[in-house]
Amino acid sequence: MNRTGPMRDAPAPFGAGLFHGPPIRHLLGLEGLARESLIELLDSATNYRERLRSPRWVSDELRGLTVCNAFFEDSTRTRVSFELAEQRLGAMHTTFTTAGSSVSKGETLLDTLRVLAAMHVDLVVLRHRSPGASSFLAHHLEVGVINAGDGEHEHPTQGLLDLMTLSEAWAGRFEGRRIAIVGDVAHSRVARSALFGLTTLGASVTICGPPTLIPAEIEALGAKVAATIEEAMHGADAVMALRLQRERMEGGLLPSLGEYSRVWGINPERVALMKPEAVVLHPGPMNRGVEIAPEVADGHSSVIFRQVENGVAVRCAVLTRCAAALAEAS
Ligand code: CP
């Protein structure tokens, strides 16, 4: 791609020709995403991570692309890492949050996003509390859509950064590996995206948590359900603690915090049940002392902050992938 000419306002199509898998104009979930596409995204993210480690590294790969990060729910990791990825890649970008917006005046999701599209946004990174919000947007508007978490449905870039972190810990081999996912699976978009990605790459997944928080259909999606955390973690290659969504305790779905921690918390004794080189993941934000003991979160098996680092690299890979598909379609 020749980007050295003087016509800076007429850039070459972003990323066109860089990818070989099927085009990904929208990233709405990991369910059904081909193994080839997953591997390509993970390889691309690994390359970005090396470049991102140089604080001065910036690129103009996405010059000419306009991205809006539309966050209708709170976020630290996902929002900031998309913003940093967009800056490093030279995209024009803006962030919309509901606080201070005209959503408080009753403007609908679709009208809000139509407003953004009318401002010539090419890609929307959307977080919303409603499952299917990203698909709805992709169906109704002529913009690329990246799902940054839609209710209890999926969080595909979180799933990809989890896969990337596990790939590193497992020397790139998913077959024959097993992970335990522990906690509030029923309400977890993180667990669903991880499950789809892991099973596509050949790993096996054991789920456990309070019976009220284990969805009936989880085994049909490819997971095994263990009765106890000890059974789930015994001999595992990794464990992922899910955030305890305290807001759901009011619905009577959970015992007290102390009881939850005693029965389902990841503590050093339970980590010792896994293989010696096994790793501990948590998507964040953590409730230290509830679903995960502080000494585990900060211990030698923890890859929690590596997950955060990998998040920026994954978002670079996804942004360039979607941008390339947009360029091919135009
Ligand atoms: N893991 C995750 O989505 O964190 P944030 O809600 O802070 O983005």
# chains A, B, ... in the order shown; residues from 1 in each chain; ligands from 1
>>> residues_near_ligand(ligand="ligand 1", cutoff="7 Å", atoms="only C-alpha atoms and all ligand atoms", output="list in words")
Asp74, Ser75, Thr76, Arg77, Thr78, Arg79, Gln158, Pro283, Gly284 and Pro285 of chain A
>>> residues_around(residues="A:Arg88", least_positions_apart="2", cutoff="12 Å", atoms="only C-alpha atoms", output="ChimeraX atom specification")
/A:48-49,51-63,81-86,90-93,312-313,315-317,319-320
>>> select_by_dssp(residues="stretch 125-191 of chain A", states="helix (DSSP H, G or I)", output="PyMOL selection string")
chain A and resi 133-140+156-169+189-191
>>> closest_atom_pairs(of="stretch 137-211 of chain A", to="stretch 259-275 of chain A", cutoff="8 Å", atoms="only C-alpha atoms", output="tab-separated table")
residue	atom	partner	partner_atom	distance
A:Val182	CA	A:Trp264	CA	7.2
A:Gly183	CA	A:Trp264	CA	6.8
A:Gly209	CA	A:Trp264	CA	6.4
A:Pro210	CA	A:Trp264	CA	7.8
>>> write_last_selection(atoms="N, CA, C and O atoms", output="PDB file, in the first residue's frame")
ATOM      1  N   VAL A 182     -16.018 -20.177  36.372  1.00  0.00           N
ATOM      2  CA  VAL A 182     -16.676 -20.280  37.679  1.00  0.00           C
ATOM      3  C   VAL A 182     -17.502 -19.035  37.995  1.00  0.00           C
ATOM      4  O   VAL A 182     -16.987 -17.908  37.895  1.00  0.00           O
ATOM      5  N   GLY A 183     -18.744 -19.226  38.387  1.00  0.00           N
ATOM      6  CA  GLY A 183     -19.527 -18.111  38.918  1.00  0.00           C
ATOM      7  C   GLY A 183     -20.864 -17.916  38.232  1.00  0.00           C
ATOM      8  O   GLY A 183     -21.550 -18.882  37.902  1.00  0.00           O
ATOM      9  N   GLY A 209     -20.906 -23.183  39.332  1.00  0.00           N
ATOM     10  CA  GLY A 209     -21.392 -22.005  40.041  1.00  0.00           C
ATOM     11  C   GLY A 209     -22.683 -22.352  40.747  1.00  0.00           C
ATOM     12  O   GLY A 209     -23.161 -23.503  40.669  1.00  0.00           O
ATOM     13  N   PRO A 210     -23.269 -21.373  41.434  1.00  0.00           N
ATOM     14  CA  PRO A 210     -24.544 -21.642  42.097  1.00  0.00           C
ATOM     15  C   PRO A 210     -25.572 -22.150  41.083  1.00  0.00           C
ATOM     16  O   PRO A 210     -25.686 -21.582  39.987  1.00  0.00           O
TER      17      PRO A 210
END
>>> select_by_dssp(residues="stretch 48-227 of chain A", states="strand (DSSP E or B)", output="VMD selection string")
chain A and resid 66 to 71 92 to 97 123 to 128 144 to 150 178 to 182 204 to 208 224 to 225
>>> write_last_selection(atoms="N, CA and C atoms", output="mmCIF file, in the first residue's frame")
data_model
loop_
_atom_site.group_PDB
_atom_site.id
_atom_site.type_symbol
_atom_site.label_atom_id
_atom_site.label_comp_id
_atom_site.auth_asym_id
_atom_site.auth_seq_id
_atom_site.Cartn_x
_atom_site.Cartn_y
_atom_site.Cartn_z
ATOM 1 N N THR A 66 -13.477 6.854 10.447
ATOM 2 C CA THR A 66 -14.072 7.545 11.594
ATOM 3 C C THR A 66 -14.804 6.523 12.451
ATOM 4 N N VAL A 67 -14.436 6.475 13.724
ATOM 5 C CA VAL A 67 -15.000 5.493 14.659
ATOM 6 C C VAL A 67 -15.698 6.229 15.791
ATOM 7 N N CYS A 68 -16.888 5.747 16.159
ATOM 8 C CA CYS A 68 -17.546 6.262 17.367
ATOM 9 C C CYS A 68 -17.677 5.126 18.377
ATOM 10 N N ASN A 69 -17.138 5.345 19.564
ATOM 11 C CA ASN A 69 -17.302 4.389 20.669
ATOM 12 C C ASN A 69 -18.564 4.796 21.405
ATOM 13 N N ALA A 70 -19.637 4.034 21.235
ATOM 14 C CA ALA A 70 -20.934 4.401 21.819
ATOM 15 C C ALA A 70 -21.188 3.500 23.019
ATOM 16 N N PHE A 71 -21.024 4.064 24.207
ATOM 17 C CA PHE A 71 -21.119 3.272 25.440
ATOM 18 C C PHE A 71 -22.357 3.682 26.219
ATOM 19 N N MET A 92 -9.815 8.601 13.114
ATOM 20 C CA MET A 92 -10.511 9.713 13.747
ATOM 21 C C MET A 92 -11.537 9.064 14.677
ATOM 22 N N HIS A 93 -11.595 9.489 15.916
ATOM 23 C CA HIS A 93 -12.505 8.772 16.824
ATOM 24 C C HIS A 93 -13.106 9.705 17.856
ATOM 25 N N THR A 94 -14.279 9.296 18.310
ATOM 26 C CA THR A 94 -14.965 10.042 19.349
ATOM 27 C C THR A 94 -15.673 9.033 20.247
ATOM 28 N N THR A 95 -15.925 9.446 21.483
ATOM 29 C CA THR A 95 -16.611 8.542 22.410
ATOM 30 C C THR A 95 -17.893 9.189 22.897
ATOM 31 N N PHE A 96 -18.956 8.395 22.822
ATOM 32 C CA PHE A 96 -20.275 8.827 23.276
ATOM 33 C C PHE A 96 -20.631 8.003 24.507
ATOM 34 N N THR A 97 -20.992 8.657 25.600
ATOM 35 C CA THR A 97 -21.530 7.927 26.755
ATOM 36 C C THR A 97 -22.900 8.513 27.075
ATOM 37 N N LEU A 123 -17.556 3.263 11.581
ATOM 38 C CA LEU A 123 -17.627 2.099 12.487
ATOM 39 C C LEU A 123 -18.162 2.547 13.842
ATOM 40 N N VAL A 124 -19.080 1.772 14.397
ATOM 41 C CA VAL A 124 -19.568 2.044 15.754
ATOM 42 C C VAL A 124 -19.138 0.886 16.654
ATOM 43 N N VAL A 125 -18.502 1.217 17.760
ATOM 44 C CA VAL A 125 -18.188 0.242 18.805
ATOM 45 C C VAL A 125 -19.278 0.423 19.854
ATOM 46 N N LEU A 126 -20.129 -0.587 20.017
ATOM 47 C CA LEU A 126 -21.350 -0.403 20.814
ATOM 48 C C LEU A 126 -21.368 -1.278 22.062
ATOM 49 N N ARG A 127 -21.570 -0.641 23.202
ATOM 50 C CA ARG A 127 -21.899 -1.380 24.428
ATOM 51 C C ARG A 127 -23.302 -0.969 24.849
ATOM 52 N N HIS A 128 -24.129 -1.985 25.120
ATOM 53 C CA HIS A 128 -25.517 -1.704 25.477
ATOM 54 C C HIS A 128 -26.038 -2.825 26.372
ATOM 55 N N GLY A 144 -20.275 -0.165 9.991
ATOM 56 C CA GLY A 144 -19.736 -1.373 10.600
ATOM 57 C C GLY A 144 -20.004 -1.330 12.099
ATOM 58 N N VAL A 145 -20.216 -2.481 12.693
ATOM 59 C CA VAL A 145 -20.529 -2.528 14.128
ATOM 60 C C VAL A 145 -19.612 -3.530 14.823
ATOM 61 N N ILE A 146 -19.003 -3.077 15.911
ATOM 62 C CA ILE A 146 -18.240 -3.989 16.782
ATOM 63 C C ILE A 146 -18.971 -4.036 18.117
ATOM 64 N N ASN A 147 -19.346 -5.233 18.520
ATOM 65 C CA ASN A 147 -20.062 -5.423 19.779
ATOM 66 C C ASN A 147 -19.062 -5.342 20.941
ATOM 67 N N ALA A 148 -19.245 -4.342 21.795
ATOM 68 C CA ALA A 148 -18.372 -4.186 22.978
ATOM 69 C C ALA A 148 -19.082 -4.681 24.235
ATOM 70 N N GLY A 149 -20.059 -5.581 24.047
ATOM 71 C CA GLY A 149 -20.824 -6.142 25.169
ATOM 72 C C GLY A 149 -22.279 -5.771 25.033
ATOM 73 N N ASP A 150 -23.131 -6.791 24.774
ATOM 74 C CA ASP A 150 -24.575 -6.528 24.665
ATOM 75 C C ASP A 150 -25.320 -7.385 25.681
ATOM 76 N N ARG A 178 -8.032 -27.753 29.115
ATOM 77 C CA ARG A 178 -9.349 -27.596 29.752
ATOM 78 C C ARG A 178 -9.339 -26.399 30.681
ATOM 79 N N ILE A 179 -10.395 -25.603 30.609
ATOM 80 C CA ILE A 179 -10.540 -24.444 31.482
ATOM 81 C C ILE A 179 -11.813 -24.594 32.309
ATOM 82 N N ALA A 180 -11.745 -24.153 33.571
ATOM 83 C CA ALA A 180 -12.946 -24.074 34.419
ATOM 84 C C ALA A 180 -13.413 -22.620 34.417
ATOM 85 N N ILE A 181 -14.698 -22.416 34.165
ATOM 86 C CA ILE A 181 -15.291 -21.065 34.242
ATOM 87 C C ILE A 181 -16.252 -21.086 35.420
ATOM 88 N N VAL A 182 -16.018 -20.177 36.372
ATOM 89 C CA VAL A 182 -16.676 -20.280 37.679
ATOM 90 C C VAL A 182 -17.502 -19.035 37.995
ATOM 91 N N SER A 204 -11.603 -27.738 25.966
ATOM 92 C CA SER A 204 -12.861 -28.086 26.634
ATOM 93 C C SER A 204 -13.092 -27.162 27.826
ATOM 94 N N VAL A 205 -14.377 -26.984 28.134
ATOM 95 C CA VAL A 205 -14.795 -26.002 29.132
ATOM 96 C C VAL A 205 -15.665 -26.697 30.169
ATOM 97 N N THR A 206 -15.283 -26.507 31.438
ATOM 98 C CA THR A 206 -16.125 -26.989 32.543
ATOM 99 C C THR A 206 -16.672 -25.771 33.272
ATOM 100 N N ILE A 207 -17.979 -25.774 33.451
ATOM 101 C CA ILE A 207 -18.669 -24.650 34.093
ATOM 102 C C ILE A 207 -19.044 -25.062 35.506
ATOM 103 N N CYS A 208 -18.964 -24.131 36.455
ATOM 104 C CA CYS A 208 -19.572 -24.405 37.759
ATOM 105 C C CYS A 208 -19.955 -23.098 38.425
ATOM 106 N N LYS A 224 -19.241 -28.694 29.867
ATOM 107 C CA LYS A 224 -19.661 -29.679 30.881
ATOM 108 C C LYS A 224 -19.963 -28.896 32.150
ATOM 109 N N VAL A 225 -20.861 -29.407 32.972
ATOM 110 C CA VAL A 225 -21.187 -28.740 34.232
ATOM 111 C C VAL A 225 -20.679 -29.607 35.375
#
>>> closest_residue(among="A:Leu33, A:Val190, A:Val279, A:Met164", to="A:Val303", atoms="only C-alpha atoms")
A:Val279
